[in-house]
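So this block is query_17.cif, mmCIF, C-alpha atoms:
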data_entry
loop_
_atom_site.group_PDB
_atom_site.id
_atom_site.type_symbol
_atom_site.label_atom_id
_atom_site.label_comp_id
_atom_site.auth_asym_id
_atom_site.auth_seq_id
_atom_site.Cartn_x
_atom_site.Cartn_y
_atom_site.Cartn_z
ATOM 1 C CA MET A 1 14.657 -11.137 3.803
ATOM 2 C CA LYS A 2 17.561 -11.005 1.289
ATOM 3 C CA ARG A 3 15.102 -11.503 -1.577
ATOM 4 C CA SER A 4 13.009 -8.580 -0.294
ATOM 5 C CA PHE A 5 16.049 -6.290 -0.131
ATOM 6 C CA VAL A 6 17.265 -7.198 -3.623
ATOM 7 C CA LEU A 7 13.799 -6.672 -5.093
ATOM 8 C CA ILE A 8 13.387 -3.263 -3.470
ATOM 9 C CA LEU A 9 16.894 -2.180 -4.510
ATOM 10 C CA SER A 10 16.427 -3.270 -8.137
ATOM 11 C CA LEU A 11 13.090 -1.510 -8.454
ATOM 12 C CA VAL A 12 14.345 1.699 -6.886
ATOM 13 C CA MET A 13 17.429 1.688 -9.127
ATOM 14 C CA SER A 14 15.267 1.112 -12.217
ATOM 15 C CA PHE A 15 13.112 4.123 -11.429
ATOM 16 C CA MET A 16 16.175 6.239 -10.569
ATOM 17 C CA LEU A 17 17.809 5.380 -13.880
ATOM 18 C CA ALA A 18 14.619 6.243 -15.720
ATOM 19 C CA ALA A 19 14.420 9.580 -13.914
ATOM 20 C CA CYS A 20 18.064 10.378 -14.621
ATOM 21 C CA GLY A 21 17.491 9.648 -18.285
ATOM 22 C CA GLY A 22 14.597 12.072 -18.398
ATOM 23 C CA ASN A 23 12.035 9.341 -19.113
ATOM 24 C CA GLU A 24 8.603 9.227 -17.533
ATOM 25 C CA GLY A 25 8.752 5.525 -16.789
ATOM 26 C CA VAL A 26 10.311 2.126 -17.243
ATOM 27 C CA SER A 27 9.045 0.303 -20.320
ATOM 28 C CA SER A 28 8.642 -3.451 -20.093
ATOM 29 C CA GLU A 29 7.368 -5.703 -22.846
ATOM 30 C CA GLY A 30 5.263 -8.698 -21.850
ATOM 31 C CA GLY A 31 6.500 -12.139 -22.917
ATOM 32 C CA SER A 32 9.041 -12.489 -25.694
ATOM 33 C CA LYS A 33 7.151 -10.943 -28.580
ATOM 34 C CA SER A 34 7.759 -7.317 -29.496
ATOM 35 C CA GLY A 35 6.697 -5.014 -32.283
ATOM 36 C CA GLU A 36 4.944 -1.824 -33.206
ATOM 37 C CA ASP A 37 1.530 -3.529 -33.157
ATOM 38 C CA ASN A 38 1.737 -4.281 -29.432
ATOM 39 C CA LYS A 39 -0.928 -2.664 -27.284
ATOM 40 C CA VAL A 40 0.387 -0.455 -24.483
ATOM 41 C CA ILE A 41 -0.674 -0.195 -20.839
ATOM 42 C CA GLY A 42 0.599 2.683 -18.712
ATOM 43 C CA VAL A 43 1.022 2.112 -14.967
ATOM 44 C CA SER A 44 1.243 5.169 -12.704
ATOM 45 C CA LEU A 45 2.294 4.168 -9.194
ATOM 46 C CA GLN A 46 1.754 6.338 -6.140
ATOM 47 C CA ASN A 47 5.176 5.451 -4.702
ATOM 48 C CA ILE A 48 7.614 2.575 -4.185
ATOM 49 C CA THR A 49 7.287 1.037 -0.723
ATOM 50 C CA GLU A 50 8.106 -2.478 0.433
ATOM 51 C CA PHE A 51 4.440 -3.451 0.011
ATOM 52 C CA ARG A 52 4.300 -2.012 -3.498
ATOM 53 C CA THR A 53 7.450 -3.815 -4.606
ATOM 54 C CA TYR A 54 5.600 -7.109 -4.145
ATOM 55 C CA MET A 55 2.639 -5.737 -6.057
ATOM 56 C CA ILE A 56 4.946 -4.666 -8.902
ATOM 57 C CA GLU A 57 6.725 -8.015 -8.908
ATOM 58 C CA ALA A 58 3.348 -9.750 -9.332
ATOM 59 C CA MET A 59 2.423 -7.335 -12.126
ATOM 60 C CA GLU A 60 5.656 -8.075 -13.967
ATOM 61 C CA GLU A 61 5.144 -11.817 -13.593
ATOM 62 C CA GLU A 62 1.569 -11.593 -14.892
ATOM 63 C CA GLN A 63 2.543 -9.414 -17.855
ATOM 64 C CA GLU A 64 4.619 -12.308 -19.173
ATOM 65 C CA ASN A 65 1.293 -13.992 -19.930
ATOM 66 C CA HIS A 66 0.392 -11.152 -22.297
ATOM 67 C CA PRO A 67 3.082 -11.051 -25.027
ATOM 68 C CA ASP A 68 1.091 -8.684 -27.249
ATOM 69 C CA PHE A 69 1.295 -5.894 -24.656
ATOM 70 C CA GLU A 70 3.937 -3.386 -23.635
ATOM 71 C CA PHE A 71 3.809 -2.053 -20.064
ATOM 72 C CA ILE A 72 5.188 1.347 -19.010
ATOM 73 C CA TYR A 73 5.746 1.862 -15.264
ATOM 74 C CA SER A 74 6.024 5.336 -13.691
ATOM 75 C CA ASN A 75 6.609 6.337 -10.057
ATOM 76 C CA ALA A 76 4.779 9.496 -8.931
ATOM 77 C CA GLU A 77 6.855 9.650 -5.713
ATOM 78 C CA ASN A 78 3.824 10.818 -3.687
ATOM 79 C CA ASP A 79 3.525 13.923 -5.890
ATOM 80 C CA SER A 80 0.012 14.407 -7.296
ATOM 81 C CA ALA A 81 1.204 16.971 -9.866
ATOM 82 C CA LYS A 82 3.851 14.542 -11.093
ATOM 83 C CA GLN A 83 1.244 11.808 -11.334
ATOM 84 C CA MET A 84 -1.039 14.018 -13.407
ATOM 85 C CA ASN A 85 1.893 14.731 -15.727
ATOM 86 C CA GLN A 86 2.511 10.997 -16.120
ATOM 87 C CA ILE A 87 -1.142 10.431 -16.965
ATOM 88 C CA GLU A 88 -1.097 13.250 -19.516
ATOM 89 C CA ASN A 89 1.955 11.631 -21.116
ATOM 90 C CA PHE A 90 0.152 8.295 -21.296
ATOM 91 C CA ILE A 91 -2.825 9.991 -22.957
ATOM 92 C CA ALA A 92 -0.579 11.793 -25.443
ATOM 93 C CA ARG A 93 1.070 8.496 -26.304
ATOM 94 C CA GLY A 94 -2.346 6.938 -26.900
ATOM 95 C CA VAL A 95 -1.999 4.003 -24.507
ATOM 96 C CA ASP A 96 -4.718 1.352 -24.645
ATOM 97 C CA ALA A 97 -5.354 1.278 -20.881
ATOM 98 C CA ILE A 98 -4.035 2.826 -17.663
ATOM 99 C CA ILE A 99 -3.498 1.366 -14.188
ATOM 100 C CA LEU A 100 -3.489 3.989 -11.428
ATOM 101 C CA THR A 101 -2.527 3.735 -7.767
ATOM 102 C CA PRO A 102 -3.545 7.288 -6.773
ATOM 103 C CA VAL A 103 -1.385 9.696 -4.780
ATOM 104 C CA ASP A 104 -4.358 11.440 -3.202
ATOM 105 C CA THR A 105 -8.129 11.323 -3.202
ATOM 106 C CA VAL A 106 -8.696 14.796 -4.670
ATOM 107 C CA ALA A 107 -6.320 14.743 -7.633
ATOM 108 C CA ALA A 108 -7.503 11.222 -8.493
ATOM 109 C CA VAL A 109 -10.945 12.571 -9.408
ATOM 110 C CA ASP A 110 -9.381 15.010 -11.882
ATOM 111 C CA ILE A 111 -7.230 12.218 -13.324
ATOM 112 C CA LEU A 112 -10.276 10.030 -13.918
ATOM 113 C CA ALA A 113 -12.088 12.890 -15.646
ATOM 114 C CA LYS A 114 -9.125 13.537 -17.952
ATOM 115 C CA VAL A 115 -8.653 9.860 -18.849
ATOM 116 C CA ASN A 116 -12.371 9.307 -19.401
ATOM 117 C CA GLU A 117 -12.489 12.357 -21.663
ATOM 118 C CA ALA A 118 -9.699 10.745 -23.709
ATOM 119 C CA GLY A 119 -11.743 7.546 -23.974
ATOM 120 C CA ILE A 120 -9.059 5.336 -22.390
ATOM 121 C CA PRO A 121 -10.001 2.566 -19.925
ATOM 122 C CA ILE A 122 -8.551 3.202 -16.467
ATOM 123 C CA ILE A 123 -8.148 0.651 -13.688
ATOM 124 C CA VAL A 124 -7.702 2.057 -10.178
ATOM 125 C CA ALA A 125 -5.641 -0.297 -8.023
ATOM 126 C CA ASN A 126 -4.835 -0.614 -4.319
ATOM 127 C CA GLN A 127 -6.483 2.615 -3.091
ATOM 128 C CA THR A 128 -10.084 3.652 -3.572
ATOM 129 C CA PHE A 129 -11.725 7.077 -3.144
ATOM 130 C CA ASP A 130 -15.050 8.872 -3.580
ATOM 131 C CA GLY A 131 -15.636 8.930 -7.322
ATOM 132 C CA VAL A 132 -13.782 5.683 -8.068
ATOM 133 C CA ASP A 133 -17.016 4.457 -9.676
ATOM 134 C CA LYS A 134 -16.075 6.643 -12.658
ATOM 135 C CA ALA A 135 -13.130 4.310 -13.348
ATOM 136 C CA SER A 136 -13.495 1.278 -15.589
ATOM 137 C CA ALA A 137 -12.861 -0.914 -12.525
ATOM 138 C CA TYR A 138 -11.279 -0.961 -9.078
ATOM 139 C CA VAL A 139 -8.919 -3.755 -8.008
ATOM 140 C CA GLY A 140 -7.906 -3.709 -4.375
ATOM 141 C CA SER A 141 -9.098 -3.802 -0.796
ATOM 142 C CA GLU A 142 -11.268 -1.545 1.336
ATOM 143 C CA SER A 143 -8.934 0.349 3.648
ATOM 144 C CA ILE A 144 -11.501 0.862 6.392
ATOM 145 C CA GLU A 145 -11.599 -2.923 6.816
ATOM 146 C CA ALA A 146 -7.893 -2.934 7.709
ATOM 147 C CA GLY A 147 -8.373 -0.246 10.358
ATOM 148 C CA ILE A 148 -11.322 -2.089 11.859
ATOM 149 C CA LEU A 149 -9.609 -5.501 11.963
ATOM 150 C CA GLN A 150 -6.436 -3.972 13.396
ATOM 151 C CA MET A 151 -8.162 -1.971 16.146
ATOM 152 C CA GLU A 152 -10.564 -4.772 17.091
ATOM 153 C CA GLU A 153 -7.600 -7.007 17.893
ATOM 154 C CA VAL A 154 -5.800 -4.229 19.777
ATOM 155 C CA ALA A 155 -8.933 -3.524 21.846
ATOM 156 C CA LYS A 156 -9.300 -7.234 22.590
ATOM 157 C CA ARG A 157 -5.685 -7.571 23.744
ATOM 158 C CA LEU A 158 -5.983 -4.457 25.929
ATOM 159 C CA GLY A 159 -9.218 -5.673 27.475
ATOM 160 C CA GLY A 160 -11.034 -2.668 26.006
ATOM 161 C CA LYS A 161 -9.065 -0.198 28.118
ATOM 162 C CA GLY A 162 -5.979 1.948 27.490
ATOM 163 C CA ASN A 163 -4.282 4.922 25.842
ATOM 164 C CA ILE A 164 -3.908 4.713 22.065
ATOM 165 C CA ALA A 165 -1.451 6.522 19.789
ATOM 166 C CA ILE A 166 -2.466 6.488 16.115
ATOM 167 C CA MET A 167 0.354 6.802 13.602
ATOM 168 C CA GLU A 168 -1.034 7.936 10.258
ATOM 169 C CA GLY A 169 0.292 7.658 6.716
ATOM 170 C CA GLN A 170 0.684 10.621 4.386
ATOM 171 C CA MET A 171 -2.233 12.983 4.914
ATOM 172 C CA GLY A 172 -4.815 12.906 2.142
ATOM 173 C CA HIS A 173 -4.069 9.354 1.060
ATOM 174 C CA GLU A 174 -7.157 7.178 0.961
ATOM 175 C CA ALA A 175 -5.478 4.508 3.104
ATOM 176 C CA GLN A 176 -4.535 7.110 5.734
ATOM 177 C CA ILE A 177 -8.073 8.461 5.889
ATOM 178 C CA MET A 178 -9.964 5.185 5.924
ATOM 179 C CA ARG A 179 -7.635 3.053 8.068
ATOM 180 C CA THR A 180 -7.728 5.797 10.699
ATOM 181 C CA GLU A 181 -11.515 5.994 10.379
ATOM 182 C CA GLY A 182 -11.693 2.231 10.952
ATOM 183 C CA ASN A 183 -9.540 2.606 14.073
ATOM 184 C CA LYS A 184 -11.768 5.353 15.428
ATOM 185 C CA GLN A 185 -14.966 3.416 14.816
ATOM 186 C CA ILE A 186 -13.739 0.678 17.143
ATOM 187 C CA ILE A 187 -12.369 3.136 19.706
ATOM 188 C CA GLU A 188 -15.789 4.807 19.856
ATOM 189 C CA GLN A 189 -17.299 1.421 20.698
ATOM 190 C CA ASN A 190 -14.914 1.079 23.648
ATOM 191 C CA PRO A 191 -15.370 4.047 26.013
ATOM 192 C CA ASP A 192 -12.323 3.077 28.083
ATOM 193 C CA LEU A 193 -10.018 3.462 25.091
ATOM 194 C CA GLU A 194 -8.625 6.974 24.587
ATOM 195 C CA ILE A 195 -6.592 8.495 21.745
ATOM 196 C CA VAL A 196 -3.730 10.352 23.419
ATOM 197 C CA PHE A 197 -1.620 11.005 20.303
ATOM 198 C CA GLN A 198 -2.317 11.180 16.588
ATOM 199 C CA GLY A 199 0.256 12.200 13.981
ATOM 200 C CA THR A 200 1.719 11.316 10.616
ATOM 201 C CA GLY A 201 4.829 9.291 9.861
ATOM 202 C CA ASN A 202 4.212 9.546 6.101
ATOM 203 C CA TRP A 203 4.331 5.742 5.642
ATOM 204 C CA ASN A 204 8.059 5.922 6.484
ATOM 205 C CA ARG A 205 10.048 3.887 9.031
ATOM 206 C CA ASP A 206 12.441 6.726 9.946
ATOM 207 C CA GLU A 207 9.640 9.265 10.341
ATOM 208 C CA GLY A 208 7.645 6.781 12.397
ATOM 209 C CA MET A 209 10.649 6.331 14.645
ATOM 210 C CA THR A 210 11.079 10.100 15.094
ATOM 211 C CA LEU A 211 7.375 10.561 15.847
ATOM 212 C CA MET A 212 7.498 7.795 18.434
ATOM 213 C CA GLU A 213 10.583 9.319 20.053
ATOM 214 C CA ASN A 214 8.691 12.605 20.436
ATOM 215 C CA TRP A 215 5.720 10.840 21.996
ATOM 216 C CA ILE A 216 7.975 8.970 24.423
ATOM 217 C CA GLN A 217 9.656 12.217 25.465
ATOM 218 C CA SER A 218 6.261 13.702 26.370
ATOM 219 C CA GLY A 219 6.088 11.317 29.305
ATOM 220 C CA LYS A 220 2.442 10.488 28.601
ATOM 221 C CA GLU A 221 1.438 6.866 29.102
ATOM 222 C CA ILE A 222 0.819 4.894 25.888
ATOM 223 C CA ASP A 223 -0.598 1.373 25.920
ATOM 224 C CA ALA A 224 -0.726 0.766 22.185
ATOM 225 C CA VAL A 225 0.644 2.308 18.998
ATOM 226 C CA VAL A 226 -1.655 1.659 16.047
ATOM 227 C CA ALA A 227 0.083 2.491 12.766
ATOM 228 C CA ASN A 228 -1.510 2.793 9.316
ATOM 229 C CA ASN A 229 1.258 0.604 7.877
ATOM 230 C CA ASP A 230 4.011 -1.761 8.960
ATOM 231 C CA GLU A 231 6.934 0.512 8.141
ATOM 232 C CA MET A 232 5.777 3.147 10.640
ATOM 233 C CA ALA A 233 5.000 0.398 13.151
ATOM 234 C CA ILE A 234 8.585 -0.855 12.812
ATOM 235 C CA GLY A 235 9.837 2.700 13.334
ATOM 236 C CA ALA A 236 7.777 2.881 16.529
ATOM 237 C CA ILE A 237 9.189 -0.468 17.685
ATOM 238 C CA LEU A 238 12.773 0.714 17.153
ATOM 239 C CA ALA A 239 12.138 3.886 19.186
ATOM 240 C CA LEU A 240 10.395 1.989 21.979
ATOM 241 C CA GLU A 241 13.158 -0.605 22.057
ATOM 242 C CA ALA A 242 15.852 2.080 22.311
ATOM 243 C CA ALA A 243 13.961 3.675 25.200
ATOM 244 C CA GLY A 244 13.528 0.345 26.979
ATOM 245 C CA LYS A 245 9.738 0.583 26.740
ATOM 246 C CA LEU A 246 8.804 -2.005 24.129
ATOM 247 C CA ASP A 247 7.563 -4.475 26.758
ATOM 248 C CA GLU A 248 5.087 -1.836 27.968
ATOM 249 C CA VAL A 249 3.485 -0.998 24.603
ATOM 250 C CA LEU A 250 1.538 -3.088 22.112
ATOM 251 C CA VAL A 251 2.373 -2.200 18.479
ATOM 252 C CA ALA A 252 0.114 -2.838 15.471
ATOM 253 C CA GLY A 253 0.662 -2.285 11.747
ATOM 254 C CA VAL A 254 -0.930 -3.029 8.381
ATOM 255 C CA ASP A 255 0.333 -4.921 5.284
ATOM 256 C CA ALA A 256 2.042 -7.987 6.792
ATOM 257 C CA THR A 257 5.217 -7.337 4.812
ATOM 258 C CA PRO A 258 8.136 -9.786 5.225
ATOM 259 C CA ALA A 259 9.989 -7.287 7.424
ATOM 260 C CA ALA A 260 6.957 -6.871 9.687
ATOM 261 C CA LEU A 261 6.403 -10.610 9.904
ATOM 262 C CA GLN A 262 10.015 -11.025 11.047
ATOM 263 C CA PHE A 263 9.415 -8.452 13.804
ATOM 264 C CA MET A 264 6.288 -10.382 14.779
ATOM 265 C CA GLN A 265 8.196 -13.664 14.806
ATOM 266 C CA ASP A 266 10.752 -11.980 17.086
ATOM 267 C CA GLY A 267 7.969 -11.014 19.511
ATOM 268 C CA LYS A 268 8.124 -7.274 18.825
ATOM 269 C CA LEU A 269 5.041 -6.662 16.637
ATOM 270 C CA THR A 270 1.745 -7.887 18.063
ATOM 271 C CA VAL A 271 -0.765 -7.226 15.275
ATOM 272 C CA THR A 272 -0.706 -6.656 11.541
ATOM 273 C CA VAL A 273 -3.214 -7.039 8.716
ATOM 274 C CA PHE A 274 -2.313 -8.885 5.526
ATOM 275 C CA GLN A 275 -2.928 -6.943 2.347
ATOM 276 C CA ASP A 276 -2.563 -9.214 -0.668
ATOM 277 C CA ALA A 277 -0.017 -7.348 -2.781
ATOM 278 C CA ARG A 278 0.356 -10.238 -5.227
ATOM 279 C CA GLY A 279 -3.375 -10.645 -5.678
ATOM 280 C CA GLN A 280 -3.826 -6.942 -6.360
ATOM 281 C CA GLY A 281 -0.894 -6.847 -8.778
ATOM 282 C CA ILE A 282 -1.997 -9.872 -10.794
ATOM 283 C CA GLU A 283 -5.654 -8.875 -11.010
ATOM 284 C CA SER A 284 -4.887 -5.263 -11.955
ATOM 285 C CA ILE A 285 -2.853 -6.445 -14.971
ATOM 286 C CA ARG A 286 -5.480 -8.991 -15.995
ATOM 287 C CA THR A 287 -8.238 -6.413 -15.693
ATOM 288 C CA ALA A 288 -6.321 -3.768 -17.657
ATOM 289 C CA VAL A 289 -5.601 -6.249 -20.461
ATOM 290 C CA LYS A 290 -9.287 -7.136 -20.689
ATOM 291 C CA ALA A 291 -10.252 -3.469 -20.768
ATOM 292 C CA ALA A 292 -7.651 -2.709 -23.464
ATOM 293 C CA ASN A 293 -9.116 -5.559 -25.531
ATOM 294 C CA GLY A 294 -12.575 -4.040 -25.266
ATOM 295 C CA GLU A 295 -13.880 -6.657 -22.837
ATOM 296 C CA GLU A 296 -16.213 -5.836 -19.960
ATOM 297 C CA VAL A 297 -14.464 -5.447 -16.594
ATOM 298 C CA GLU A 298 -15.691 -5.137 -13.039
ATOM 299 C CA THR A 299 -14.496 -4.210 -9.575
ATOM 300 C CA MET A 300 -12.549 -6.920 -7.730
ATOM 301 C CA LEU A 301 -12.256 -6.660 -3.958
ATOM 302 C CA VAL A 302 -9.314 -8.460 -2.331
ATOM 303 C CA PRO A 303 -10.084 -8.916 1.402
ATOM 304 C CA PHE A 304 -7.717 -8.036 4.247
ATOM 305 C CA GLN A 305 -6.728 -10.748 6.750
ATOM 306 C CA LEU A 306 -5.835 -10.267 10.417
ATOM 307 C CA VAL A 307 -2.384 -11.620 11.352
ATOM 308 C CA VAL A 308 -1.366 -12.388 14.941
ATOM 309 C CA PRO A 309 1.746 -14.162 16.286
ATOM 310 C CA GLU A 310 0.049 -17.568 16.358
ATOM 311 C CA GLN A 311 -0.319 -17.400 12.530
ATOM 312 C CA VAL A 312 2.910 -15.680 11.581
ATOM 313 C CA ASP A 313 4.653 -18.725 10.092
ATOM 314 C CA ASP A 314 1.763 -19.263 7.655
ATOM 315 C CA TYR A 315 2.146 -15.738 6.299
ATOM 316 C CA ILE A 316 5.934 -15.867 6.131
ATOM 317 C CA ALA A 317 5.509 -18.919 3.889
ATOM 318 C CA ILE A 318 3.554 -16.815 1.385
ATOM 319 C CA TYR A 319 6.701 -14.866 0.514
ATOM 320 C CA GLU A 320 9.039 -17.871 0.292
#

Represent the structure of the file as structure tokens.
Amino acid sequence: MKRSFVLILSLVMSFMLAACGGNEGVSSEGGSKSGEDNKVIGVSLQNITEFRTYMIEAMEEEQENHPDFEFIYSNAENDSAKQMNQIENFIARGVDAIILTPVDTVAAVDILAKVNEAGIPIIVANQTFDGVDKASAYVGSESIEAGILQMEEVAKRLGGKGNIAIMEGQMGHEAQIMRTEGNKQIIEQNPDLEIVFQGTGNWNRDEGMTLMENWIQSGKEIDAVVANNDEMAIGAILALEAAGKLDEVLVAGVDATPAALQFMQDGKLTVTVFQDARGQGIESIRTAVKAANGEEVETMLVPFQLVVPEQVDDYIAIYE
């Protein structure tokens, strides 16, 4: 867990320093070679979460294999207007390819149109949306799969019966829309499951905790909290634990981050779904490099994997 904390802190500090200096991103040259002839890839990230720090770490490791490239990383901080500004700056600079993890599904369409008009290859990573086929390629997973896998296991453990509270990510995000849709598809197949609460925790542990506290105070019975990501699930666990109700409620998340896996190992998180941050990070860099070199690229789907307590040690080992 110390490695996770140091990585998150260093990445956050890097982006803060870049913002304080008035720059649009953190520039990082691949390998040891540098020079004006290097090709440039711009990376516009939706935000910096624990999951994304592992994706970025994998990107930075993979870029070392491409010494003739410079990589510029920018954090949109969940602001679609800021992300568009970053993309416009990349276009003005004349980058050779762009990697985009989109803030929202609507603005992403406009971004693709602008980049395509400029004739620059664009790789969409981590989150898909209607219109993603206009990108040069998509590298990531299908969010609805996570919601389905997650809710199928919850339904199984509840015996197909119970009250469900769905904790959503930031509204408008592809993962929020599709993971929730996956949850609801399974709930509709189980008539004795009922959604009693549905609200957003904005992917955030503290907001998830506050939302859970409000639901607890309502007095309504909840049998399972199904969160769109692990951070909100952890927030729900902390609120339930403080209220002395954790033993009464099953909690499920998505991402299988190291923090979540520790909560699962401690018997507090029952279900999560592994999203391969490293795989997405590595393949997005490889795909962008190919596109910048004029090579043909194609969509690469990285499947989700259900994680339950019996498997937790295997997934913890991935991060060691």

Residues near Ala260 of chain A, anyone? I mean within 10 Å using all atoms listed in the file, not counting same-chain ones fewer than 2 positions away, as a PyMOL selection string. chain A and resi 229-231+233-234+252-258+262-266+268-272+312+316

If we count only C-alpha atoms and set the cut-off at 12 Å, which residues sit around segment 150-152 of chain A, ignoring sequence neighbours fewer than 2 positions away in its own chain? Please answer as a tab-separated table (two decimals) with C-alpha atoms, in the coordinates of the input.
chain	number	residue	atom	x	y	z
A	143	SER	CA	-8.93	0.35	3.65
A	144	ILE	CA	-11.50	0.86	6.39
A	145	GLU	CA	-11.60	-2.92	6.82
A	146	ALA	CA	-7.89	-2.93	7.71
A	147	GLY	CA	-8.37	-0.25	10.36
A	148	ILE	CA	-11.32	-2.09	11.86
A	154	VAL	CA	-5.80	-4.23	19.78
A	155	ALA	CA	-8.93	-3.52	21.85
A	156	LYS	CA	-9.30	-7.23	22.59
A	157	ARG	CA	-5.68	-7.57	23.74
A	158	LEU	CA	-5.98	-4.46	25.93
A	159	GLY	CA	-9.22	-5.67	27.48
A	160	GLY	CA	-11.03	-2.67	26.01
A	164	ILE	CA	-3.91	4.71	22.06
A	165	ALA	CA	-1.45	6.52	19.79
A	166	ILE	CA	-2.47	6.49	16.11
A	179	ARG	CA	-7.64	3.05	8.07
A	180	THR	CA	-7.73	5.80	10.70
A	181	GLU	CA	-11.52	5.99	10.38
A	182	GLY	CA	-11.69	2.23	10.95
A	183	ASN	CA	-9.54	2.61	14.07
A	184	LYS	CA	-11.77	5.35	15.43
A	185	GLN	CA	-14.97	3.42	14.82
A	186	ILE	CA	-13.74	0.68	17.14
A	187	ILE	CA	-12.37	3.14	19.71
A	188	GLU	CA	-15.79	4.81	19.86
A	189	GLN	CA	-17.30	1.42	20.70
A	190	ASN	CA	-14.91	1.08	23.65
A	193	LEU	CA	-10.02	3.46	25.09
A	195	ILE	CA	-6.59	8.49	21.74
A	224	ALA	CA	-0.73	0.77	22.18
A	225	VAL	CA	0.64	2.31	19.00
A	226	VAL	CA	-1.66	1.66	16.05
A	227	ALA	CA	0.08	2.49	12.77
A	228	ASN	CA	-1.51	2.79	9.32
A	229	ASN	CA	1.26	0.60	7.88
A	230	ASP	CA	4.01	-1.76	8.96
A	250	LEU	CA	1.54	-3.09	22.11
A	251	VAL	CA	2.37	-2.20	18.48
A	252	ALA	CA	0.11	-2.84	15.47
A	253	GLY	CA	0.66	-2.28	11.75
A	254	VAL	CA	-0.93	-3.03	8.38
A	255	ASP	CA	0.33	-4.92	5.28
A	256	ALA	CA	2.04	-7.99	6.79
A	270	THR	CA	1.74	-7.89	18.06
A	271	VAL	CA	-0.76	-7.23	15.28
A	272	THR	CA	-0.71	-6.66	11.54
A	273	VAL	CA	-3.21	-7.04	8.72
A	274	PHE	CA	-2.31	-8.88	5.53
A	275	GLN	CA	-2.93	-6.94	2.35
A	304	PHE	CA	-7.72	-8.04	4.25
A	305	GLN	CA	-6.73	-10.75	6.75
A	306	LEU	CA	-5.84	-10.27	10.42
A	307	VAL	CA	-2.38	-11.62	11.35
A	308	VAL	CA	-1.37	-12.39	14.94

Under the PyMOL selection byres ((chain A and resi 85) around 12), which residues of this model are included? Write them out as a PyMOL selection string. chain A and resi 23-25+44+74-76+79-84+86-92+107+110-111+114

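When only C-alpha atoms are used to compute distances to Asn38 of chain A, the closest of the residues A:Asp96, A:Val139, A:Ala58, A:Thr299 turns out to be A:Asp96.
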
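The environment of Gln280 of chain A within 9 Å, counting only C-alpha atoms and disregarding residues fewer than 2 places along the same chain, consists of Met55, Ala58, Met59, Ala125, Asn126, Val139, Gly140, Ser141, Gln275, Asp276, Ala277, Arg278, Ile282, Glu283, Ser284, Ile285, Met300, Leu301 and Val302 of chain A.
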
Restrict the selected residues to C-alpha atoms and save them as an mmCIF file, in the frame of the given file.
data_model
loop_
_atom_site.group_PDB
_atom_site.id
_atom_site.type_symbol
_atom_site.label_atom_id
_atom_site.label_comp_id
_atom_site.auth_asym_id
_atom_site.auth_seq_id
_atom_site.Cartn_x
_atom_site.Cartn_y
_atom_site.Cartn_z
ATOM 1 C CA MET A 55 2.639 -5.737 -6.057
ATOM 2 C CA ALA A 58 3.348 -9.750 -9.332
ATOM 3 C CA MET A 59 2.423 -7.335 -12.126
ATOM 4 C CA ALA A 125 -5.641 -0.297 -8.023
ATOM 5 C CA ASN A 126 -4.835 -0.614 -4.319
ATOM 6 C CA VAL A 139 -8.919 -3.755 -8.008
ATOM 7 C CA GLY A 140 -7.906 -3.709 -4.375
ATOM 8 C CA SER A 141 -9.098 -3.802 -0.796
ATOM 9 C CA GLN A 275 -2.928 -6.943 2.347
ATOM 10 C CA ASP A 276 -2.563 -9.214 -0.668
ATOM 11 C CA ALA A 277 -0.017 -7.348 -2.781
ATOM 12 C CA ARG A 278 0.356 -10.238 -5.227
ATOM 13 C CA ILE A 282 -1.997 -9.872 -10.794
ATOM 14 C CA GLU A 283 -5.654 -8.875 -11.010
ATOM 15 C CA SER A 284 -4.887 -5.263 -11.955
ATOM 16 C CA ILE A 285 -2.853 -6.445 -14.971
ATOM 17 C CA MET A 300 -12.549 -6.920 -7.730
ATOM 18 C CA LEU A 301 -12.256 -6.660 -3.958
ATOM 19 C CA VAL A 302 -9.314 -8.460 -2.331
#

So for segment 242-255 of chain A, what box centre and size do we get, axis-aligned, 6 Å extra on each of the six sides, every listed atom, Å to one decimal, as AutoDock Vina command-line options?
--center_x 7.5 --center_y -0.6 --center_z 16.6 --size_x 28.8 --size_y 20.6 --size_z 34.7

Check the smallest atom-to-atom distance from each of A:Val103, A:Ala236, A:Ala243, A:Val249 to Phe129 of chain A using all atoms listed in the file, then report the winner. A:Val103
